[in-house]
Structure formats: C-alpha cells, structure tokens
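Let me begin by presenting the structure, written as structure tokens, before commenting on it.
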Amino acid sequence: MQDTATLKQIVDDILKEARQRGASGAEAGVSAESGLSVTVRLGEVETVEHNRDKGLGVTVYFGQRKGSASTTDFSPQAIRSTVQAACDIARYTAEDKFSGLAEAKFLASSIPDLELYHPWAVGMDQAIDIATACEDAARGYDKRITNSEGAYVSSHEGERVYGNSNGFLGAYASSRHSLGCTVIGQSGENMQRDHWYSVARDASQLEDVRSLGETAARRTVQRLDARRLNTCQVPVLFEADVARGLLGHFVRAISGGSLYRRASFLLDKKGESLFPERIRIDERPHLKGALGSSPFDNEGVATRARELVQGGVLQGYVLDTYSARKLGLETTGNAGGVHNLHINHDDLSLQDLLRQMQRGVLVTEVMGQGVNTVTGDYSRGATGFWVENGEIAYPVEEFTLAGNLLEMYQGLQAVGNDLDRRGNLVTGSWLLGPMTLAGSED
C-alpha cells in the first residue's frame, strides 16, 4: 500500500489542478486497498484471491454546476486528465442551487485515533487451514450435514484520504477481517441450508473457528423437517440478525434522499412518537475498533454522537450536505450512511423473549423485496420456528409476514440483550406484537 503522505499529496495535487482550471470549488478522495480471500469447499481449495486496488475520484464545482470523474491511474498525466474531464462535465450540467461542498464550519478539525486499523499477517496457507478447520467442524457436527457450500476467510486493509478546497484534508487506515461457513443438511427428502459468520476490525476478535463451524451446522440441522403454518395472527420474535433489517428500514425512511423526494412513510414525523416510550436509538461514531466508526463522513464533515430517537420520539434525520440544503436543515455528518447505530435493549436473553412471547413464531430468515418505504407496508417471505409455551416447538417455512413498519415499530414489546455487532447497525432480537402470517390453508 502507498503511504499516507503520498496519498495526501495526490489529493493536494488534484485540488491545485482544479483551481488552476477555474473551478470555484473541488473535492477529491483517494483510496488504496489490499486483501486476501480464500474459500474451501468439501476440504478442497475452491478460490484464492489476492487484490491490490487503488482509485481516485474528483468532483469540481463551477458555481452551482457540478462535474465528477474518476481513475485508477495515479500518474500526474492521469490526474490532470481526470480533473479536466470533471471540469468538462461541469460545464454541461444544469445549475443546482443546493450543490456544493460542505461548509467549513462543519468539517472535522481533528482526526481521533479510533483504532480501526489492525493488519492481519495471514498467509495463503494459514487462511486455507483456518477455512478447512471451520468447514471440518461444521461437517463433523452431525451426520445429517451432507454437503457444504464452503467456508471462507477474508482479510482486507486500506487507507482513505479525502480533501476539499474548503481547507479539509483527512486520512485514516482501516481493516476488516471475516470468517464464515455455509452447510447443507438432509433428513429424508428434506434439505436445508444455513450459515454463520464473524467479522471484526481485529482478527483476534473473530469467533473461534470450531465454534463458528458448529454454529453453522447447528442452525442447519435445527431447520430440518420444517412444517408449514396455517394463516394466523400471532406475536413475532425477529432474531437479532433479522431485526437489524428492521432498523435499516427505519434509517432509510429518515434519510435525506427519501425525505426530500417525499418518498418515506416517516415524512414530517420529527417530534412524533414512533416507538414505545422506553426506546432510544443513538449513533456512536467514535467507538474504538467498531465496524461503523469513522472520524469524518464522505464529505469531511465531523461525525458526532447523537440521539435519533429518545423516549420513543424521533429527534432528527440522517442527512448529508445536499439533502440537508434541500430540506432547509444542516448536515448531520451522514454522507455515506450512519455510524454505529444502537438501539437500547432490555435485560432479556433470547430465551427470555421466547418465554415472554409464549406462543408465536421466531423468525430467523427473511427473503424477497416486499418492503415499501413510501407507505411502510411490509410483506416478506420467512422461515423460522414455531413457539409454544415459551419454547421452540418445531421449524417452520414458506410463510409470509405482513404488516406495516410504523405499526411494527410502535408495537415493539422488547429488545433482547443478544446484540449482533457485525455491522454499523447494532441490535438484539425484537419481540413485536401480533402480525399476520400468511401460510397454508390446509
């Protein structure tokens, strides 16, 4: 990888070139990455990939006219040509009074060390051994595990530099390592598949190899001999990994692009109660070593801790500079998305939530694209487990969950302490009130 000083110099050269060509404003981002990925299937190496990538992008402004261009060539001639291309594009675009760089007052004035960079000196042979051990643990867990889609090990690291003509120039390095396994089980004519994975900035924080493989196998075996449900209306418990999707729908609905296009079921809901009073949702961008941490957003705006929901009431939106201007508001430092969004949880394990639900369905996987963020209507295929007397009774499949997201949020009865931290949205399992389950009419 190229060093930080070199990448910063490239950004500085881009901004100087843009000024020389008459741009009233400019911004540039440069990145350099490297990584290794290995996949093993049925004890044999299936893929080995090494990558070394680099790229730069530049956006120039001539007043309210905007042009962008990019390249993977860092040579001086390529930089000049790329800036020229962006300038040429800008001269042909229509004026947009909301376009432009983030104001200087919002830009990060310091870059805290968030401990995001933990390189892993894993070689190809070691990565193959780890993936093989993981798959072996899964395949040896139960005789009903009959096939495998493979286990993988992935390690990536990179450096990002961003600068603009409002005086900002910032950089930070980061790493991301992961391990995962997917296997297939069979009981008679019935076949099921499931998976498990672990991801972390620091490879030492990845889940134990054997434990991960066994978890993938256990989840697969538990799904065998699944039954179909009759159409009914019962409480629903979303496993943490699936509940993260519900939190994601909330974020998209309060994001600037959806709001200024008036394409959100949460339009003009600021100050209104969306969740039960005990619910708090906050953003924590400066957690050390967390997957969603960042000292500044994609526009150089300083990230900051803030509450999106307090006492169940929506406190604010998720905005970049452009969408904020369209809405007559200020950027919230979310160009590129949210950073470590957390929902507060109850002191309840998944088993506690099952007991609280008593009778209903535990959802472990959803599929399909049946979510309408304009109306909030929710309809997705699902699989999981039927629950009786607070205990898992048997696996179920091929049913559809139907409801409305706003009603689902307002009907949130409890959030488990089984937090899934494998991304920038952190949550435990969600216990919701009754939903319609469309199944078999037999």
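Each chain in the structure tokens gets a letter, A, B and so on, in the order shown; residues start at 1 in every chain, and ligands are counted from 1 in the order they appear.
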Among range 230-325 of chain A, which residues carry a DSSP assignment of strand (DSSP E), reported as a VMD selection string?
-> chain A and resid 232 to 238 281 to 283 306 to 310 313 to 314
Contacts between range 282-303 of chain A and range 160-219 of chain A, please, where a residue of range 160-219 of chain A counts if it comes within 10 Å (with only C-alpha atoms); show its shortest atom pair and distance in Å to one decimal, rows by chain and ascending number, as a Markdown table.
```
| residue | atom | partner | partner_atom | distance |
| --- | --- | --- | --- | --- |
| A:Val161 | CA | A:Gly300 | CA | 9.8 |
| A:Tyr162 | CA | A:Gly300 | CA | 6.9 |
| A:Gly163 | CA | A:Gly300 | CA | 7.1 |
| A:Asn164 | CA | A:Gly300 | CA | 8.0 |
| A:Asn166 | CA | A:Gly300 | CA | 9.9 |
| A:Gly167 | CA | A:Gly300 | CA | 10.0 |
| A:Phe168 | CA | A:Gly300 | CA | 6.7 |
| A:Leu169 | CA | A:Gly300 | CA | 7.8 |
| A:Gly170 | CA | A:Gly300 | CA | 7.3 |
| A:Ala171 | CA | A:Pro295 | CA | 9.2 |
| A:Tyr172 | CA | A:Pro295 | CA | 8.3 |
| A:Ser174 | CA | A:Gly289 | CA | 9.3 |
| A:Ser175 | CA | A:Leu291 | CA | 9.2 |
| A:Arg176 | CA | A:Leu291 | CA | 7.9 |
| A:Val199 | CA | A:Leu291 | CA | 8.5 |
| A:Ala200 | CA | A:Leu291 | CA | 6.8 |
| A:Arg201 | CA | A:Gly289 | CA | 6.2 |
| A:Asp202 | CA | A:Gly289 | CA | 7.7 |
```
Would you list the contacts of Glu388 in chain A as a list in words, taking every protein, DNA or RNA residue within 10 Å and counting only C-alpha atoms, but skipping same-chain residues closer than 3 positions in sequence?
-> Leu354, Arg355, Met357, Gln358, Arg359, Gly360, Val361, Phe385, Glu391, Ile392, Ala393 and Tyr394 of chain A
Polymer residues at most 12 Å from Leu341 in chain A, only C-alpha atoms, same-chain spacing of 3 or more positions, as a PyMOL selection string | chain A and resi 244+247-248+250-251+280-287+290-293+304-309+318+334+337-338+344+420-427
Rows by chain and residue number, range 209-327 of chain A within 6 Å of range 85-106 of chain A, shortest pair, only C-alpha atoms, as a tab-separated table:
```
residue	atom	partner	partner_atom	distance
A:Val301	CA	A:Phe106	CA	5.3
A:Thr321	CA	A:Ala102	CA	5.8
A:Tyr322	CA	A:Phe98	CA	5.9
A:Arg325	CA	A:Phe98	CA	5.8
```
Per residue of range 151-219 of chain A within 10 Å of range 33-38 of chain A, note the shortest atom pair and the distance in Å to one decimal, counting only C-alpha atoms, and order the rows by chain and increasing residue number, as a tab-separated table.
```
residue	atom	partner	partner_atom	distance
A:Ala151	CA	A:Val38	CA	8.4
A:Tyr152	CA	A:Val38	CA	5.5
A:Val153	CA	A:Val38	CA	5.3
A:Ser154	CA	A:Ser37	CA	4.3
A:Ser155	CA	A:Leu36	CA	5.3
A:His156	CA	A:Gly35	CA	4.1
A:Glu157	CA	A:Ser34	CA	5.7
A:Gly158	CA	A:Glu33	CA	4.0
A:Glu159	CA	A:Glu33	CA	6.5
A:Arg160	CA	A:Glu33	CA	8.7
A:Ala173	CA	A:Glu33	CA	9.6
A:Ser174	CA	A:Glu33	CA	9.5
A:Ser175	CA	A:Glu33	CA	9.4
A:Arg176	CA	A:Gly35	CA	9.4
A:His177	CA	A:Gly35	CA	9.4
A:Ser178	CA	A:Ser37	CA	9.3
A:Leu179	CA	A:Val38	CA	9.8
```
Where in range 238-416 of chain A does DSSP assign alpha helix (DSSP H), given as a ChimeraX atom specification?
-> /A:240-253,256-260,321-327,350-357,405-410
Find the residues near Asn147 in chain A: any atom within 10 Å, counting only C-alpha atoms, skip ones fewer than 4 places away on the same chain, and give them as a PyMOL selection string.
-> chain A and resi 41-42+138-139+182-186+191+193
Next, write the just-selected residues to a file, as a compact mmCIF listing (two decimals), in the first residue's frame, keeping C-alpha atoms as the atom set.
```
# COMPACT_ATOMS: atom_id res chain seq x y z
CA ARG A 41 -15.40 -26.47 -0.09
CA LEU A 42 -15.58 -30.14 0.86
CA ALA A 138 -19.37 -27.97 10.59
CA ARG A 139 -19.34 -31.18 8.55
CA THR A 182 -22.46 -22.45 4.97
CA VAL A 183 -23.51 -26.10 5.05
CA ILE A 184 -26.42 -28.23 3.86
CA GLY A 185 -28.31 -30.81 5.91
CA GLN A 186 -30.68 -33.56 4.86
CA MET A 191 -32.87 -30.48 2.67
CA ARG A 193 -29.04 -24.83 4.40
```
Which residue out of A:Asp136, A:Asp208, A:Asp320, A:Asp125 has the minimum interatomic distance to Gly256 in chain A when only C-alpha atoms are used?
->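 Result for the nearest residue to Gly256 in chain A: A:Asp320.
Of the residues under consideration (A:Thr72, A:Thr132, A:Thr332, A:Asn190), A:Thr332 shows the shortest atom-to-atom contact distance to Leu107 in chain A when counting only C-alpha atoms.
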